[in-house]
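Below is target_3.txt, holding compact mmCIF, C-alpha atoms and all ligand atoms.
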```
# COMPACT_ATOMS: atom_id res chain seq x y z
CA MET A 25 -123.84 -58.67 61.77
CA GLU A 26 -126.35 -56.04 60.80
CA GLN A 27 -125.96 -54.49 57.39
CA GLY A 28 -126.21 -50.75 57.84
CA GLU A 29 -126.48 -48.32 54.97
CA ASN A 30 -122.79 -47.55 55.17
CA GLN A 31 -121.55 -51.09 55.48
CA VAL A 32 -120.45 -53.13 52.53
CA LYS A 33 -120.60 -56.88 52.09
CA ASN A 34 -117.64 -59.05 51.14
CA ASP A 35 -118.66 -59.42 47.50
CA GLU A 36 -119.03 -55.66 47.27
CA ILE A 37 -115.54 -55.24 48.75
CA SER A 38 -113.97 -57.31 45.98
CA ALA A 39 -116.02 -55.40 43.39
CA ILE A 40 -114.69 -52.10 44.83
CA ARG A 41 -111.14 -53.50 44.75
CA ASP A 42 -111.52 -54.50 41.09
CA GLU A 43 -113.03 -51.14 40.27
CA GLU A 44 -110.17 -49.13 41.79
CA ILE A 45 -107.62 -51.20 39.86
CA LEU A 46 -109.58 -50.61 36.64
CA VAL A 47 -109.88 -46.86 37.30
CA ALA A 48 -106.18 -46.63 38.21
CA GLU A 49 -105.11 -48.43 35.04
CA GLU A 50 -107.52 -46.78 32.61
CA LEU A 51 -107.43 -43.21 33.88
CA PHE A 52 -104.00 -42.95 35.56
CA ASN A 53 -101.79 -45.36 33.57
CA GLY A 54 -101.67 -47.63 36.64
CA LYS A 55 -98.56 -45.91 37.91
CA CYS A 56 -97.47 -43.63 40.76
CA PHE A 57 -97.29 -40.03 39.57
CA ALA A 58 -93.93 -39.62 41.31
CA CYS A 59 -92.08 -42.91 40.89
CA THR A 60 -92.11 -46.09 38.80
CA ARG A 61 -94.31 -48.20 41.08
CA LYS A 62 -97.15 -49.85 39.15
CA ILE A 63 -100.52 -51.43 40.02
CA THR A 64 -99.61 -54.38 37.80
CA ARG A 65 -96.26 -55.63 38.97
CA ILE A 66 -94.17 -58.78 39.08
CA THR A 67 -93.67 -60.30 42.51
CA PRO A 68 -89.88 -60.67 42.89
CA LYS A 69 -90.07 -64.03 44.69
CA THR A 70 -92.63 -65.90 42.59
CA LYS A 71 -92.14 -63.89 39.37
CA LYS A 72 -95.91 -63.87 39.04
CA ILE A 73 -97.83 -60.89 37.67
CA LYS A 74 -99.81 -59.32 40.47
CA LYS A 75 -102.51 -56.67 40.15
CA SER A 76 -103.18 -54.86 43.39
CA PHE A 77 -104.17 -51.40 44.53
CA LYS A 78 -102.50 -52.12 47.88
CA GLY A 79 -99.90 -49.45 48.58
CA PHE A 80 -101.62 -46.88 46.35
CA THR A 81 -103.98 -44.01 46.86
CA PHE A 82 -105.92 -41.47 44.82
CA HIS A 83 -104.73 -38.08 46.01
CA HIS A 84 -107.34 -35.29 45.88
CA LEU A 85 -106.13 -32.14 44.16
CA GLU A 86 -109.33 -30.38 45.20
CA TYR A 87 -112.50 -31.05 47.15
CA TYR A 88 -116.06 -30.06 46.29
CA ILE A 89 -118.81 -29.40 48.79
CA GLY A 90 -120.96 -32.43 49.54
CA GLU A 91 -118.54 -34.90 47.97
CA PRO A 92 -116.94 -37.78 49.91
CA ARG A 93 -113.90 -37.17 52.12
CA ARG A 94 -112.23 -39.94 54.08
CA LYS A 95 -112.63 -38.05 57.36
CA PHE A 96 -116.44 -38.14 57.04
CA TYR A 97 -116.38 -41.95 57.24
CA PRO A 98 -115.70 -44.22 60.23
CA LYS A 99 -112.12 -45.13 60.99
CA GLY A 100 -110.80 -48.51 59.89
CA SER A 101 -112.16 -50.89 57.27
CA GLN A 102 -115.74 -50.08 58.31
CA GLY A 103 -115.29 -46.67 56.72
CA THR A 104 -112.67 -47.48 54.10
CA PHE A 105 -114.88 -49.36 51.64
CA PRO A 106 -117.95 -47.10 51.82
CA TYR A 107 -115.57 -44.19 51.22
CA LYS A 108 -113.82 -45.93 48.32
CA ARG A 109 -117.16 -46.87 46.75
CA ASP A 110 -118.37 -43.26 46.91
CA VAL A 111 -115.14 -41.53 45.89
CA LEU A 112 -114.61 -43.83 42.87
CA LYS A 113 -117.77 -42.34 41.36
CA ILE A 114 -116.27 -38.84 41.66
CA ILE A 115 -112.88 -40.00 40.31
CA LYS A 116 -114.55 -41.47 37.21
CA LEU A 117 -116.44 -38.23 36.58
CA HIS A 118 -113.51 -35.89 37.32
CA PRO A 119 -110.19 -37.74 36.97
CA ASN A 120 -108.28 -34.48 36.55
CA GLU A 121 -109.09 -33.62 40.17
CA PHE A 122 -107.00 -36.60 41.34
CA VAL A 123 -103.51 -38.01 41.09
CA LEU A 124 -102.56 -41.65 41.55
CA VAL A 125 -99.62 -42.04 43.93
CA CYS A 126 -98.00 -44.80 45.94
CA ASN A 127 -98.46 -44.45 49.70
CA ILE A 128 -94.82 -43.49 50.27
CA HIS A 129 -95.06 -40.56 47.91
CA HIS A 130 -98.51 -39.68 49.18
CA HIS A 131 -96.91 -39.16 52.58
CA THR A 132 -94.19 -37.07 50.97
CA ILE A 133 -96.82 -34.93 49.24
CA GLU A 134 -98.84 -34.52 52.46
CA ASP A 135 -95.71 -33.57 54.45
CA ILE A 136 -94.66 -30.94 51.93
CA LEU A 137 -98.25 -29.75 51.55
CA ARG A 138 -98.52 -29.08 55.29
CA ILE A 139 -95.50 -26.79 55.07
CA TYR A 140 -96.62 -25.24 51.78
CA GLN A 141 -100.07 -24.30 53.09
CA HIS A 142 -98.57 -22.26 55.93
CA HIS A 143 -95.24 -21.14 54.54
CA THR A 144 -95.25 -21.23 50.74
CA ASP A 145 -91.71 -19.87 50.46
CA TRP A 146 -90.22 -22.46 52.82
CA VAL A 147 -90.85 -25.26 50.33
CA SER A 148 -88.76 -23.63 47.63
CA ASN A 149 -86.02 -23.04 50.25
CA ILE A 150 -86.20 -26.71 51.22
CA MET A 151 -86.14 -27.81 47.58
CA ASP A 152 -83.17 -25.54 47.01
CA VAL A 153 -81.29 -27.35 49.80
CA VAL A 154 -82.40 -30.75 48.45
CA LYS A 155 -81.06 -29.91 44.99
CA ARG A 156 -77.80 -28.53 46.40
CA THR A 157 -77.18 -31.53 48.64
CA ASP A 158 -74.56 -33.87 47.23
CA THR A 159 -73.60 -36.26 50.01
CA LYS A 160 -73.82 -39.64 48.27
CA GLU A 161 -70.08 -39.88 47.82
CA PRO A 162 -67.57 -38.14 50.12
CA LYS A 163 -65.39 -35.79 48.12
CA ARG A 164 -61.66 -35.39 48.28
CA ARG A 165 -60.38 -31.98 49.30
CA ILE A 166 -57.77 -30.68 46.96
CA ASN A 167 -54.60 -29.69 48.86
CA ASN A 168 -56.54 -30.26 52.12
CA VAL A 169 -58.39 -26.94 51.91
ZN ZN B 201 -94.31 -43.44 44.28
```
With the file now loaded, output its structure as structure tokens.
Ligand SMILES: [Zn+2]
Amino acid sequence: MEQGENQVKNDEISAIRDEEILVAEELFNGKCFACTRKITRITPKTKKIKKSFKGFTFHHLEYYIGEPRRKFYPKGSQGTFPYKRDVLKIIKLHPNEFVLVCNIHHHTIEDILRIYQHHTDWVSNIMDVVKRTDTKEPKRRINNV
């Protein structure tokens, strides 16, 4: 396989993986901004401590002209690692422009963001409904009214 400028070799891939774990732990406490999921976690089955960035992402709070964006890179793993390599440099320089989140909550953020960008007021209406919703336990009507 030819090594193009934007392709990364296997040893570079593991170096990028180590680097994103290090950056996540040192600059973002190694934890999802929304929930309790951590980079360093104990595998329930084996009880072994596992360090993995799998299932996490650095969410951009803002973009600057000329800086890496995932959509500028090829789809799939061919683009993933060149993008990660380039964006890690920006994250280290400007960590306050990023948030570490697990993929589940990244999707939640992106879903809400899509609404927010077009209809700012809808999100607070939706959050109002979320906060008012209390359906975990069915309630008992008093005197059947
Ligand atoms: Zn999360």
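Listed by chain and then residue number, the contacts of ligand ZN 201 (chain B) are A:Cys56, A:Phe57, A:Ala58, A:Cys59, A:Thr60, A:Arg61, A:Val125, A:Cys126, A:Asn127, A:Ile128, A:His129, A:His130 (distance at most 8 Å, using all atoms listed in the file).
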Write out the residues from the selection above, keeping C-alpha atoms, as a CSV table (one decimal), keeping the file's coordinate frame.
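Done, and the output landed in out.csv:
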```csv
chain,number,residue,atom,x,y,z
A,56,CYS,CA,-97.5,-43.6,40.8
A,57,PHE,CA,-97.3,-40.0,39.6
A,58,ALA,CA,-93.9,-39.6,41.3
A,59,CYS,CA,-92.1,-42.9,40.9
A,60,THR,CA,-92.1,-46.1,38.8
A,61,ARG,CA,-94.3,-48.2,41.1
A,125,VAL,CA,-99.6,-42.0,43.9
A,126,CYS,CA,-98.0,-44.8,45.9
A,127,ASN,CA,-98.5,-44.4,49.7
A,128,ILE,CA,-94.8,-43.5,50.3
A,129,HIS,CA,-95.1,-40.6,47.9
A,130,HIS,CA,-98.5,-39.7,49.2
```
From A:Ile89, A:Ile73, A:Ala39, A:Leu124, residue lying nearest A:Phe105 [all atoms listed in the file]:
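Between A:Ile89, A:Ile73, A:Ala39, A:Leu124, the residue approaching A:Phe105 most closely is A:Ala39.
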Rank A:Thr70, A:Ser76, A:Asn167, A:Ser38 by their smallest atom-to-atom distance to A:Lys108, using only C-alpha atoms, and report the top residue only.
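Distance minimum relative to A:Lys108 lands on A:Ser38.
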To one decimal place, how far is atom CA of A:Glu121 from atom CA of A:Leu85 in Å?
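Taking atom CA of A:Glu121 as the start and atom CA of A:Leu85 as the end point, the length is 5.2 Å.
Atom CA of A:Asn149 is positioned 24.3 Å from atom CA of A:Lys163.
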Could you please fill out stretch 93-122 of chain A with N, CA and C atoms and send it back as a PDB file, in the coordinates of the input?
```pdb
ATOM      1  N   ARG A  93    -115.254 -37.349  51.579  1.00  0.00           N
ATOM      2  CA  ARG A  93    -113.900 -37.170  52.120  1.00  0.00           C
ATOM      3  C   ARG A  93    -113.705 -38.279  53.132  1.00  0.00           C
ATOM      4  N   ARG A  94    -112.498 -38.813  53.189  1.00  0.00           N
ATOM      5  CA  ARG A  94    -112.230 -39.940  54.080  1.00  0.00           C
ATOM      6  C   ARG A  94    -112.617 -39.640  55.518  1.00  0.00           C
ATOM      7  N   LYS A  95    -112.390 -38.391  55.951  1.00  0.00           N
ATOM      8  CA  LYS A  95    -112.630 -38.050  57.360  1.00  0.00           C
ATOM      9  C   LYS A  95    -114.120 -38.040  57.737  1.00  0.00           C
ATOM     10  N   PHE A  96    -115.009 -38.086  56.746  1.00  0.00           N
ATOM     11  CA  PHE A  96    -116.440 -38.140  57.040  1.00  0.00           C
ATOM     12  C   PHE A  96    -116.902 -39.577  57.309  1.00  0.00           C
ATOM     13  N   TYR A  97    -116.031 -40.532  57.095  1.00  0.00           N
ATOM     14  CA  TYR A  97    -116.380 -41.950  57.240  1.00  0.00           C
ATOM     15  C   TYR A  97    -115.727 -42.540  58.490  1.00  0.00           C
ATOM     16  N   PRO A  98    -116.301 -43.609  59.032  1.00  0.00           N
ATOM     17  CA  PRO A  98    -115.700 -44.220  60.230  1.00  0.00           C
ATOM     18  C   PRO A  98    -114.269 -44.666  59.994  1.00  0.00           C
ATOM     19  N   LYS A  99    -113.517 -44.677  61.091  1.00  0.00           N
ATOM     20  CA  LYS A  99    -112.120 -45.130  60.990  1.00  0.00           C
ATOM     21  C   LYS A  99    -112.084 -46.629  60.731  1.00  0.00           C
ATOM     22  N   GLY A 100    -110.979 -47.083  60.131  1.00  0.00           N
ATOM     23  CA  GLY A 100    -110.800 -48.510  59.890  1.00  0.00           C
ATOM     24  C   GLY A 100    -111.573 -48.986  58.672  1.00  0.00           C
ATOM     25  N   SER A 101    -111.582 -50.328  58.484  1.00  0.00           N
ATOM     26  CA  SER A 101    -112.160 -50.890  57.270  1.00  0.00           C
ATOM     27  C   SER A 101    -113.668 -50.641  57.171  1.00  0.00           C
ATOM     28  N   GLN A 102    -114.300 -50.372  58.311  1.00  0.00           N
ATOM     29  CA  GLN A 102    -115.740 -50.080  58.310  1.00  0.00           C
ATOM     30  C   GLN A 102    -116.038 -48.826  57.483  1.00  0.00           C
ATOM     31  N   GLY A 103    -115.099 -47.895  57.485  1.00  0.00           N
ATOM     32  CA  GLY A 103    -115.290 -46.670  56.720  1.00  0.00           C
ATOM     33  C   GLY A 103    -114.571 -46.677  55.386  1.00  0.00           C
ATOM     34  N   THR A 104    -113.509 -47.481  55.298  1.00  0.00           N
ATOM     35  CA  THR A 104    -112.670 -47.480  54.100  1.00  0.00           C
ATOM     36  C   THR A 104    -113.466 -47.812  52.831  1.00  0.00           C
ATOM     37  N   PHE A 105    -114.217 -48.918  52.870  1.00  0.00           N
ATOM     38  CA  PHE A 105    -114.880 -49.360  51.640  1.00  0.00           C
ATOM     39  C   PHE A 105    -116.085 -48.509  51.255  1.00  0.00           C
ATOM     40  N   PRO A 106    -116.909 -48.072  52.217  1.00  0.00           N
ATOM     41  CA  PRO A 106    -117.950 -47.100  51.820  1.00  0.00           C
ATOM     42  C   PRO A 106    -117.360 -45.839  51.209  1.00  0.00           C
ATOM     43  N   TYR A 107    -116.233 -45.376  51.774  1.00  0.00           N
ATOM     44  CA  TYR A 107    -115.570 -44.190  51.220  1.00  0.00           C
ATOM     45  C   TYR A 107    -115.067 -44.458  49.809  1.00  0.00           C
ATOM     46  N   LYS A 108    -114.364 -45.585  49.641  1.00  0.00           N
ATOM     47  CA  LYS A 108    -113.820 -45.930  48.320  1.00  0.00           C
ATOM     48  C   LYS A 108    -114.929 -46.026  47.285  1.00  0.00           C
ATOM     49  N   ARG A 109    -116.016 -46.709  47.648  1.00  0.00           N
ATOM     50  CA  ARG A 109    -117.160 -46.870  46.750  1.00  0.00           C
ATOM     51  C   ARG A 109    -117.670 -45.499  46.290  1.00  0.00           C
ATOM     52  N   ASP A 110    -117.806 -44.576  47.231  1.00  0.00           N
ATOM     53  CA  ASP A 110    -118.370 -43.260  46.910  1.00  0.00           C
ATOM     54  C   ASP A 110    -117.382 -42.389  46.144  1.00  0.00           C
ATOM     55  N   VAL A 111    -116.110 -42.433  46.522  1.00  0.00           N
ATOM     56  CA  VAL A 111    -115.140 -41.530  45.890  1.00  0.00           C
ATOM     57  C   VAL A 111    -114.796 -42.009  44.471  1.00  0.00           C
ATOM     58  N   LEU A 112    -114.882 -43.317  44.223  1.00  0.00           N
ATOM     59  CA  LEU A 112    -114.610 -43.830  42.870  1.00  0.00           C
ATOM     60  C   LEU A 112    -115.559 -43.219  41.834  1.00  0.00           C
ATOM     61  N   LYS A 113    -116.787 -42.964  42.263  1.00  0.00           N
ATOM     62  CA  LYS A 113    -117.770 -42.340  41.360  1.00  0.00           C
ATOM     63  C   LYS A 113    -117.312 -40.938  40.968  1.00  0.00           C
ATOM     64  N   ILE A 114    -116.750 -40.205  41.925  1.00  0.00           N
ATOM     65  CA  ILE A 114    -116.270 -38.840  41.660  1.00  0.00           C
ATOM     66  C   ILE A 114    -115.010 -38.899  40.783  1.00  0.00           C
ATOM     67  N   ILE A 115    -114.122 -39.858  41.074  1.00  0.00           N
ATOM     68  CA  ILE A 115    -112.880 -40.000  40.310  1.00  0.00           C
ATOM     69  C   ILE A 115    -113.189 -40.271  38.833  1.00  0.00           C
ATOM     70  N   LYS A 116    -114.182 -41.129  38.592  1.00  0.00           N
ATOM     71  CA  LYS A 116    -114.550 -41.470  37.210  1.00  0.00           C
ATOM     72  C   LYS A 116    -115.129 -40.264  36.461  1.00  0.00           C
ATOM     73  N   LEU A 117    -115.846 -39.431  37.197  1.00  0.00           N
ATOM     74  CA  LEU A 117    -116.440 -38.230  36.580  1.00  0.00           C
ATOM     75  C   LEU A 117    -115.412 -37.124  36.376  1.00  0.00           C
ATOM     76  N   HIS A 118    -114.470 -37.011  37.337  1.00  0.00           N
ATOM     77  CA  HIS A 118    -113.510 -35.890  37.320  1.00  0.00           C
ATOM     78  C   HIS A 118    -112.081 -36.372  37.589  1.00  0.00           C
ATOM     79  N   PRO A 119    -111.532 -37.196  36.701  1.00  0.00           N
ATOM     80  CA  PRO A 119    -110.190 -37.740  36.970  1.00  0.00           C
ATOM     81  C   PRO A 119    -109.102 -36.682  37.102  1.00  0.00           C
ATOM     82  N   ASN A 120    -109.310 -35.538  36.467  1.00  0.00           N
ATOM     83  CA  ASN A 120    -108.280 -34.480  36.550  1.00  0.00           C
ATOM     84  C   ASN A 120    -108.224 -33.793  37.910  1.00  0.00           C
ATOM     85  N   GLU A 121    -109.134 -34.161  38.810  1.00  0.00           N
ATOM     86  CA  GLU A 121    -109.090 -33.620  40.170  1.00  0.00           C
ATOM     87  C   GLU A 121    -108.314 -34.544  41.115  1.00  0.00           C
ATOM     88  N   PHE A 122    -107.714 -35.605  40.532  1.00  0.00           N
ATOM     89  CA  PHE A 122    -107.000 -36.600  41.340  1.00  0.00           C
ATOM     90  C   PHE A 122    -105.658 -36.954  40.718  1.00  0.00           C
TER      91      PHE A 122
END
```
